[in-house]
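Accompanying notes for the structure given below.
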Amino acid sequence: YDLKQFRSNEIEKGRLQQQQKKLDQKRARLDWGVPLDQLPVMEWDDYVEQAKNGRGLIAVAGVVHDITDFIKDHPGGKAMIKSGIGKDATAMFNGGVYLHSNAAHNLLSTMRVGIIRGGCEVEIWKRSQEEAKSQLIKDGMGDRIVRAGEQPTKFMQNISSAGAA
């Protein structure tokens, strides 16, 4: 028989595709939070008012998160996380007080409840995503893949905060 063999590059591609398929199946079973484009838009004043009325809301990069059920479990303590309620906690979350891990950003994404109207970074991000939809990395089911460090609440450079030294 004059059987031919695939090049090792093609065999590796097939292996990688099978691994990606398994990862996509695992990814589909995880809670990644409500996609930004499906969140309701809130006015800043409504956000502040709800926080004053006892709802545990923080805003990070223009995204509103309900942290009410997480306050008691916050590794930095209740006082630290409560200090961001009803405020823009972007700087606090991204190095002004503590530079949170990818895991913390992923956990925060599961608490999304809204977007601040004109929430600068998010509005820009959403617009750019609409323009570049074809360039998004998607899994086999068509859902966007969010790589570590690419969460919408994560900034690669520290944001200076007036209260943080």
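The way I read the labels, and the way they are meant: chains A, B, ... in the order of the structure tokens, residue 1 as the first residue of every chain, and ligand 1 as the first ligand shown, with later ones counted on from there.
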Selection near Ser109 in chain A, 8 Å with only C-alpha atoms, sequence-local residues under 5 positions removed, as a count of residues only: 4
Which polymer residues have any atom within 9 Å of an atom of Ile115 in chain A, counting only C-alpha atoms, with same-chain residues fewer than 6 positions away left out, as an mmCIF file with all heavy atoms, in the first residue's frame?
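Contents of around.cif, freshly written:
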```cif
data_model
loop_
_atom_site.group_PDB
_atom_site.id
_atom_site.type_symbol
_atom_site.label_atom_id
_atom_site.label_comp_id
_atom_site.auth_asym_id
_atom_site.auth_seq_id
_atom_site.Cartn_x
_atom_site.Cartn_y
_atom_site.Cartn_z
ATOM 1 N N LEU A 36 -23.153 42.242 28.557
ATOM 2 C CA LEU A 36 -23.332 43.687 28.680
ATOM 3 C C LEU A 36 -24.447 44.217 27.802
ATOM 4 O O LEU A 36 -25.207 45.090 28.216
ATOM 5 C CB LEU A 36 -22.024 44.415 28.341
ATOM 6 C CG LEU A 36 -20.857 44.180 29.299
ATOM 7 C CD1 LEU A 36 -19.625 44.901 28.798
ATOM 8 C CD2 LEU A 36 -21.205 44.619 30.698
ATOM 9 N N LEU A 39 -27.976 44.065 29.429
ATOM 10 C CA LEU A 39 -28.245 44.727 30.707
ATOM 11 C C LEU A 39 -29.064 45.992 30.511
ATOM 12 O O LEU A 39 -28.895 46.700 29.517
ATOM 13 C CB LEU A 39 -26.920 45.091 31.393
ATOM 14 C CG LEU A 39 -26.091 43.930 31.910
ATOM 15 C CD1 LEU A 39 -24.717 44.420 32.351
ATOM 16 C CD2 LEU A 39 -26.797 43.230 33.066
ATOM 17 N N PRO A 40 -29.940 46.308 31.479
ATOM 18 C CA PRO A 40 -30.682 47.570 31.394
ATOM 19 C C PRO A 40 -29.751 48.761 31.657
ATOM 20 O O PRO A 40 -28.765 48.636 32.375
ATOM 21 C CB PRO A 40 -31.725 47.441 32.505
ATOM 22 C CG PRO A 40 -31.148 46.479 33.479
ATOM 23 C CD PRO A 40 -30.291 45.537 32.670
ATOM 24 N N VAL A 41 -30.099 49.890 31.079
ATOM 25 C CA VAL A 41 -29.324 51.117 31.274
ATOM 26 C C VAL A 41 -29.946 51.895 32.426
ATOM 27 O O VAL A 41 -31.168 52.039 32.501
ATOM 28 C CB VAL A 41 -29.307 51.967 29.984
ATOM 29 C CG1 VAL A 41 -28.571 53.271 30.208
ATOM 30 C CG2 VAL A 41 -28.665 51.179 28.849
ATOM 31 N N MET A 42 -29.096 52.366 33.353
ATOM 32 C CA MET A 42 -29.554 53.118 34.519
ATOM 33 C C MET A 42 -28.966 54.519 34.479
ATOM 34 O O MET A 42 -27.846 54.708 34.020
ATOM 35 C CB MET A 42 -29.059 52.462 35.821
ATOM 36 C CG MET A 42 -29.430 51.037 36.035
ATOM 37 S SD MET A 42 -28.600 50.348 37.500
ATOM 38 C CE MET A 42 -29.552 51.101 38.800
ATOM 39 N N GLU A 43 -29.711 55.449 35.011
ATOM 40 C CA GLU A 43 -29.177 56.795 35.212
ATOM 41 C C GLU A 43 -28.325 56.769 36.472
ATOM 42 O O GLU A 43 -28.603 56.014 37.411
ATOM 43 C CB GLU A 43 -30.315 57.811 35.366
ATOM 44 C CG GLU A 43 -31.210 57.932 34.155
ATOM 45 C CD GLU A 43 -30.501 58.487 32.928
ATOM 46 O OE1 GLU A 43 -29.516 59.251 33.089
ATOM 47 O OE2 GLU A 43 -30.918 58.144 31.808
ATOM 48 N N ALA A 59 -20.443 50.443 41.133
ATOM 49 C CA ALA A 59 -20.211 50.619 39.700
ATOM 50 C C ALA A 59 -18.720 50.472 39.437
ATOM 51 O O ALA A 59 -17.901 51.121 40.090
ATOM 52 C CB ALA A 59 -20.700 51.992 39.243
ATOM 53 N N GLY A 62 -18.404 51.590 34.678
ATOM 54 C CA GLY A 62 -19.717 51.869 34.114
ATOM 55 C C GLY A 62 -20.714 50.732 34.213
ATOM 56 O O GLY A 62 -21.854 50.866 33.803
ATOM 57 N N VAL A 63 -20.290 49.587 34.763
ATOM 58 C CA VAL A 63 -21.178 48.443 34.933
ATOM 59 C C VAL A 63 -21.620 48.402 36.395
ATOM 60 O O VAL A 63 -20.793 48.490 37.301
ATOM 61 C CB VAL A 63 -20.479 47.111 34.563
ATOM 62 C CG1 VAL A 63 -21.415 45.931 34.737
ATOM 63 C CG2 VAL A 63 -19.932 47.166 33.147
ATOM 64 N N VAL A 64 -22.923 48.278 36.621
ATOM 65 C CA VAL A 64 -23.473 48.219 37.979
ATOM 66 C C VAL A 64 -23.557 46.761 38.412
ATOM 67 O O VAL A 64 -24.035 45.904 37.668
ATOM 68 C CB VAL A 64 -24.871 48.873 38.030
ATOM 69 C CG1 VAL A 64 -25.444 48.792 39.436
ATOM 70 C CG2 VAL A 64 -24.798 50.313 37.553
ATOM 71 N N HIS A 65 -23.086 46.515 39.635
ATOM 72 C CA HIS A 65 -23.080 45.159 40.190
ATOM 73 C C HIS A 65 -23.819 45.168 41.522
ATOM 74 O O HIS A 65 -23.603 46.067 42.339
ATOM 75 C CB HIS A 65 -21.643 44.682 40.427
ATOM 76 C CG HIS A 65 -20.797 44.741 39.205
ATOM 77 N ND1 HIS A 65 -20.151 45.879 38.792
ATOM 78 C CD2 HIS A 65 -20.501 43.792 38.293
ATOM 79 C CE1 HIS A 65 -19.492 45.631 37.676
ATOM 80 N NE2 HIS A 65 -19.686 44.370 37.349
ATOM 81 N N VAL A 122 -17.729 51.568 29.235
ATOM 82 C CA VAL A 122 -18.648 50.539 28.771
ATOM 83 C C VAL A 122 -19.317 50.955 27.473
ATOM 84 O O VAL A 122 -19.453 50.154 26.550
ATOM 85 C CB VAL A 122 -19.696 50.209 29.852
ATOM 86 C CG1 VAL A 122 -20.757 49.280 29.299
ATOM 87 C CG2 VAL A 122 -19.012 49.576 31.039
ATOM 88 N N GLU A 123 -19.750 52.217 27.392
ATOM 89 C CA GLU A 123 -20.386 52.681 26.161
ATOM 90 C C GLU A 123 -19.401 52.585 24.994
ATOM 91 O O GLU A 123 -19.762 52.142 23.912
ATOM 92 C CB GLU A 123 -20.886 54.121 26.315
ATOM 93 C CG GLU A 123 -22.047 54.251 27.282
ATOM 94 C CD GLU A 123 -23.266 53.465 26.847
ATOM 95 O OE1 GLU A 123 -23.578 53.428 25.645
ATOM 96 O OE2 GLU A 123 -23.925 52.883 27.727
#
```
Nearest-residue call for Ile58 in chain A, choices A:Ser101, A:Asp31, A:Arg112, A:Gly77, using only C-alpha atoms: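 Among A:Ser101, A:Asp31, A:Arg112, A:Gly77, it is A:Arg112 that comes nearest to Ile58 in chain A.
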One-decimal distance in Å that lies between CA of Gly140 in chain A and CA of Phe6 in chain A: 24.5 Å
Contact residues around Phe70 in chain A with only C-alpha atoms at 12 Å, ignoring same-chain residues under 5 positions, as a list in words: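 The residues that qualify are Gly56, Leu57, Ile58, His65, Pro75, Gly76, Gly77, Lys78, Ile81, Lys82, Ala104, Leu107, Leu108, Thr110 and Met111 of chain A.
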Two-atom distance - CA of Met141 in chain A, CA of Arg29 in chain A (Å): 11.8 Å
Atomic separation - CA of Ile67 in chain A relative to CA of Asp45 in chain A, Å: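 Separation of CA of Asp45 in chain A and CA of Ile67 in chain A: 18.4 Å.
In terms of minimum interatomic distance to Met92 in chain A, A:Met80 ranks closest within A:Val48, A:Tyr1, A:Ser8, A:Met80, counting only C-alpha atoms.
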Nearest to Gly86 in chain A by atom-to-atom distance, counting only C-alpha atoms, from A:Lys26, A:Lys138, A:Arg117, A:Lys52: A:Lys52
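Of the listed residues A:Lys21, A:Lys72, A:His100, A:His105, the one whose atoms come nearest to Gly142 in chain A is A:Lys21, with distances taken using only C-alpha atoms.
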